[in-house]
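A short worksheet on the structure shown next.
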Amino acid sequence: MRAWPTLDLPTLTDVFPDLELQSSYSNKTITLSQSKCSMYVCGITPYDATHLGHAATYLTFDLIHRYLLASGKKVHFVENITDIDDPLLERAERDHLDWVELAEKEIELFRSDMTALRVLPPQFYIGAVESIPDVISAIEIYQSRNLTYVLDGDVYLSLKRIPGALENLPVSYSEAIEIFRQRGGDPDRPGKEDPLDTVLWLSKKPGEPFWSSPYGDGRPGWHIECTAISLKYLAPMKGDEDSQLRSIPLITLQGGGSDLLFPHHYMSSVQARALRGREFSTLYVHAGMIGLDGEKMSKSKGNLVFVSKLLSDGVDPMTIRIALLRDKYSHDRMWSNDLLLSAESLRARMIEALAQTHVVSTDTLRKEIISALSQGLNTEKVFHALEDWLQHNIQAKADERVESSGVIARFLDGLLGLTF
Ligand code: ZN
């Protein structure tokens, strides 16, 4: 799948300590000291436009991506797009559209939203449809290890047969079943070995698209898609037999919105471990949800705010970027008109400051921003520091403005993706 255009990043000469981030399941702080990092971020299901919750998630991982690059690391970044799944087929049927055309239209809109928001593209942007051969190969391995069973043509992975899979759930077993039910799982289906078993291959249903496989015509399950794509592009089969490498997880970071914590990311990691005998990821990072004016934003409530709508209303993409980045990424946050206005005010003051050839020194500001980002991506501190510096710059006498404004402009462009 084609991604969106890449951006030229300015070279920054500041000193960057290794990034520290808290891992979602263990709550441990992990320092990314390795020189090569592999990052897998779960993408959208293209049945609707990019809403602010999506944007906040992809901006979070863009910030991580930019920090790792600025600190001299090599980053392998892969993102998927679930271009075949129930919500896409349901929306296409509801709106009397061809599912392929609907997906293509929404994928193109997503690309233009990501481009406008200056999100760096992944090296590999992979669709579920193009990953079907990799899903089939993975299922063959599970089958050869007797980890699967078939229910009316649908192939399931048996969690009971994978050591630790049901013992290390991030929530209690009963909560897991409830969340699984809410998020597209089928815990109540009669005949399952365990209610939490995940479907690897769904048999062909009347009127639905299908692909041929050794298990009959059908389509892949959701969780296995991400396992197959991440391992193929970030951790190809090598080193599994090497006893030193076996203790190192297959990838550095798996990320997405906090609604993917369970079951999606948990199941991806169980599946990866069952395939390769190694832990899946060093770090799991989840971005909080975005609400609207005190309420949860959701498609069922009909209160989703779309990036493309804000842009067509004339909101500058950098205003959206500031508004979504200025609070801690892991917290659930609210979108409001006040937030938008305050971000717009900061953007306007930055434009005014950077329109001058010289500004007051940014040495301390840049150090503060780097330090705040390095310690768990503390963007609240970043924007406080920026506000303080702006205030100082406005009040300063002309002869105190001794630094070329290009220094901070390049820094904010490279590290925060902000251009003014
Ligand atoms: Zn995923």
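By convention here, the chains of the structure tokens are called A, B, ... in the order presented, each chain's residues are numbered starting at 1, and ligands are numbered starting at 1 in the order presented.
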
- request: May I ask you to write as a VMD selection string all residues lying at most 7 Å from ligand 1, with only C-alpha atoms and all ligand atoms counted?
  value: chain A and resid 41 to 43 80 223 226 264 to 265

message: Please extract the residues of stretch 320-397 of chain A with a backbone DSSP assignment of helix (DSSP H, G or I) and present them as a ChimeraX atom specification.
response: /A:320-325,337-354,363-374,379-395

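Distance annotation: of A:Asp83, A:Asp152, A:Glu400, A:Glu175, the residue with the minimal separation from A:Val359 is A:Glu400; atom set is only C-alpha atoms.
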
- prompt: What are the DSSP strand (DSSP E) residues of stretch 72-261 of chain A, as a ChimeraX atom specification?
  reply: /A:74-81,124-127,148-151,154-157,198-203,218-220,251-257

Closest contacts (stretch 69-90 of chain A/stretch 212-220 of chain A, max 12 Å, only C-alpha atoms) as CSV:
```
residue,atom,partner,partner_atom,distance
A:Thr82,CA,A:Pro220,CA,10.3
A:Asp83,CA,A:Pro220,CA,10.9
A:Ile84,CA,A:Arg219,CA,8.0
A:Asp85,CA,A:Pro220,CA,8.4
A:Asp86,CA,A:Arg219,CA,10.5
```

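Of the listed residues (A:Leu9, A:Ala49, A:Val402, A:Ile126), A:Ala49 comes nearest to A:Leu88; the distances count only C-alpha atoms.
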
- request: Fewer than 6 positions away in the same chain doesn't count, so skip those; otherwise give me all residues within 12 Å of A:Gly406, counting only C-alpha atoms, as a VMD selection string.
  value: chain A and resid 10 12 353 to 362 412 to 414 419 to 420

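Every protein, DNA or RNA residue with an atom at most 10 Å from A:Pro263, where only C-alpha atoms count and chain neighbours fewer than 5 positions away do not, is listed here: Leu169, Pro170, Ala176, Ile177, Ile179, Phe180, Arg181, Arg183, Gly184, Gly185, Leu196, Thr198, His223 and Ser268 of chain A.
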
Resulting file, chosen residues, N, CA, C and O atoms, as a PDB file, in the first residue's frame:
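out_21.pdb, written as the output of this step:
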```pdb
ATOM      1  N   LEU A 169      -3.488 -12.210  31.492  1.00  0.00           N
ATOM      2  CA  LEU A 169      -4.395 -11.190  30.944  1.00  0.00           C
ATOM      3  C   LEU A 169      -4.181  -9.866  31.686  1.00  0.00           C
ATOM      4  O   LEU A 169      -3.944  -9.870  32.892  1.00  0.00           O
ATOM      5  N   PRO A 170      -4.306  -8.736  30.994  1.00  0.00           N
ATOM      6  CA  PRO A 170      -4.068  -7.448  31.673  1.00  0.00           C
ATOM      7  C   PRO A 170      -5.229  -7.031  32.578  1.00  0.00           C
ATOM      8  O   PRO A 170      -5.111  -6.073  33.334  1.00  0.00           O
ATOM      9  N   ALA A 176     -12.116  -9.358  30.968  1.00  0.00           N
ATOM     10  CA  ALA A 176     -11.579  -9.624  29.629  1.00  0.00           C
ATOM     11  C   ALA A 176     -12.687 -10.079  28.688  1.00  0.00           C
ATOM     12  O   ALA A 176     -12.775  -9.626  27.545  1.00  0.00           O
ATOM     13  N   ILE A 177     -13.564 -10.946  29.203  1.00  0.00           N
ATOM     14  CA  ILE A 177     -14.663 -11.443  28.360  1.00  0.00           C
ATOM     15  C   ILE A 177     -15.602 -10.287  27.981  1.00  0.00           C
ATOM     16  O   ILE A 177     -16.021 -10.160  26.835  1.00  0.00           O
ATOM     17  N   ILE A 179     -14.883  -7.028  27.794  1.00  0.00           N
ATOM     18  CA  ILE A 179     -14.234  -6.114  26.836  1.00  0.00           C
ATOM     19  C   ILE A 179     -14.146  -6.769  25.453  1.00  0.00           C
ATOM     20  O   ILE A 179     -14.370  -6.140  24.421  1.00  0.00           O
ATOM     21  N   PHE A 180     -13.829  -8.048  25.453  1.00  0.00           N
ATOM     22  CA  PHE A 180     -13.730  -8.817  24.210  1.00  0.00           C
ATOM     23  C   PHE A 180     -15.057  -8.741  23.438  1.00  0.00           C
ATOM     24  O   PHE A 180     -15.092  -8.522  22.229  1.00  0.00           O
ATOM     25  N   ARG A 181     -16.162  -8.874  24.192  1.00  0.00           N
ATOM     26  CA  ARG A 181     -17.508  -8.815  23.588  1.00  0.00           C
ATOM     27  C   ARG A 181     -17.760  -7.426  22.991  1.00  0.00           C
ATOM     28  O   ARG A 181     -18.243  -7.284  21.879  1.00  0.00           O
ATOM     29  N   ARG A 183     -15.634  -5.268  21.949  1.00  0.00           N
ATOM     30  CA  ARG A 183     -14.707  -4.855  20.889  1.00  0.00           C
ATOM     31  C   ARG A 183     -14.612  -5.880  19.760  1.00  0.00           C
ATOM     32  O   ARG A 183     -13.522  -6.183  19.271  1.00  0.00           O
ATOM     33  N   GLY A 184     -15.732  -6.398  19.375  1.00  0.00           N
ATOM     34  CA  GLY A 184     -15.794  -7.220  18.165  1.00  0.00           C
ATOM     35  C   GLY A 184     -15.519  -8.696  18.376  1.00  0.00           C
ATOM     36  O   GLY A 184     -15.523  -9.461  17.406  1.00  0.00           O
ATOM     37  N   GLY A 185     -15.259  -9.144  19.627  1.00  0.00           N
ATOM     38  CA  GLY A 185     -15.010 -10.566  19.879  1.00  0.00           C
ATOM     39  C   GLY A 185     -16.323 -11.351  19.956  1.00  0.00           C
ATOM     40  O   GLY A 185     -17.414 -10.775  19.946  1.00  0.00           O
ATOM     41  N   LEU A 196     -12.376 -16.591  25.080  1.00  0.00           N
ATOM     42  CA  LEU A 196     -11.455 -15.565  24.577  1.00  0.00           C
ATOM     43  C   LEU A 196     -10.664 -16.005  23.339  1.00  0.00           C
ATOM     44  O   LEU A 196      -9.884 -15.212  22.802  1.00  0.00           O
ATOM     45  N   THR A 198      -9.356 -16.417  19.763  1.00  0.00           N
ATOM     46  CA  THR A 198      -9.520 -15.454  18.673  1.00  0.00           C
ATOM     47  C   THR A 198      -9.575 -16.163  17.332  1.00  0.00           C
ATOM     48  O   THR A 198      -8.926 -17.195  17.130  1.00  0.00           O
ATOM     49  N   HIS A 223      -6.796  -9.685  14.626  1.00  0.00           N
ATOM     50  CA  HIS A 223      -5.558  -9.675  15.419  1.00  0.00           C
ATOM     51  C   HIS A 223      -4.381 -10.313  14.676  1.00  0.00           C
ATOM     52  O   HIS A 223      -3.252  -9.832  14.753  1.00  0.00           O
ATOM     53  N   SER A 268      -2.273  -9.917  19.740  1.00  0.00           N
ATOM     54  CA  SER A 268      -1.149  -9.856  18.778  1.00  0.00           C
ATOM     55  C   SER A 268       0.110 -10.386  19.439  1.00  0.00           C
ATOM     56  O   SER A 268       0.908 -11.096  18.819  1.00  0.00           O
TER      57      SER A 268
END
```

task: Do a neighbour search on A:Pro122 at 9 Å with only C-alpha atoms, toss out local chain neighbours closer than 5 positions, and write the hits as a count of residues only.
output: 7

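Minimum atom-to-atom distance to A:Ala70, evaluated using only C-alpha atoms, belongs to A:Ser374 out of A:Asn146, A:Ser23, A:Ser374, A:Gln254.
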
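Comparing A:Leu245, A:Ala385, A:Pro209, A:Ala235 by their smallest distance to A:Trp99, the closest is A:Pro209 (using only C-alpha atoms).
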
At a cut-off of 6 Å, using only C-alpha atoms, what residues contact stretch 51-64 of chain A? Leave out same-chain residues fewer than 5 positions from it and give the result as a PDB file with C-alpha atoms, in the first residue's frame.
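And here's out-v1.pdb as it stands now:
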```pdb
ATOM      1  CA  VAL A 119       3.008  13.050  10.302  1.00  0.00           C
ATOM      2  CA  GLY A 257      -5.023   3.936  20.895  1.00  0.00           C
ATOM      3  CA  ALA A 287      -2.515   6.970  23.454  1.00  0.00           C
ATOM      4  CA  MET A 289      -8.979   8.744  23.907  1.00  0.00           C
ATOM      5  CA  ILE A 290     -10.272  12.146  22.817  1.00  0.00           C
ATOM      6  CA  VAL A 305     -14.956  15.454  14.962  1.00  0.00           C
ATOM      7  CA  PHE A 306     -13.115  14.791  11.716  1.00  0.00           C
ATOM      8  CA  VAL A 307      -9.734  16.247  10.800  1.00  0.00           C
ATOM      9  CA  LEU A 324      -3.744  17.470  20.364  1.00  0.00           C
TER      10      LEU A 324
END
```

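Distance-wise, atom CA of A:Arg2 and atom CA of A:Thr45 end up 15.6 Å apart.
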
message: Could you list, as an MDAnalysis selection string, every residue within 6 Å of A:Val75, counting only C-alpha atoms and ignoring same-chain residues fewer than 5 positions away?
response: chainID A and resid 36:38

- request: Between A:Glu140, A:Glu93, A:Asp293, A:Asp363, single out the one closest to A:Leu339, counting only C-alpha atoms.
  value: A:Asp293

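Minimum atom-to-atom distances from A:Lys192, A:Ala274, A:Asp98, A:Ile162 to A:Gly207 were compared using only C-alpha atoms, and the lowest value belongs to A:Asp98.
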
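Pairwise distance (atom CA of A:Gln244, atom CA of A:Arg276) equals 14.4 Å.
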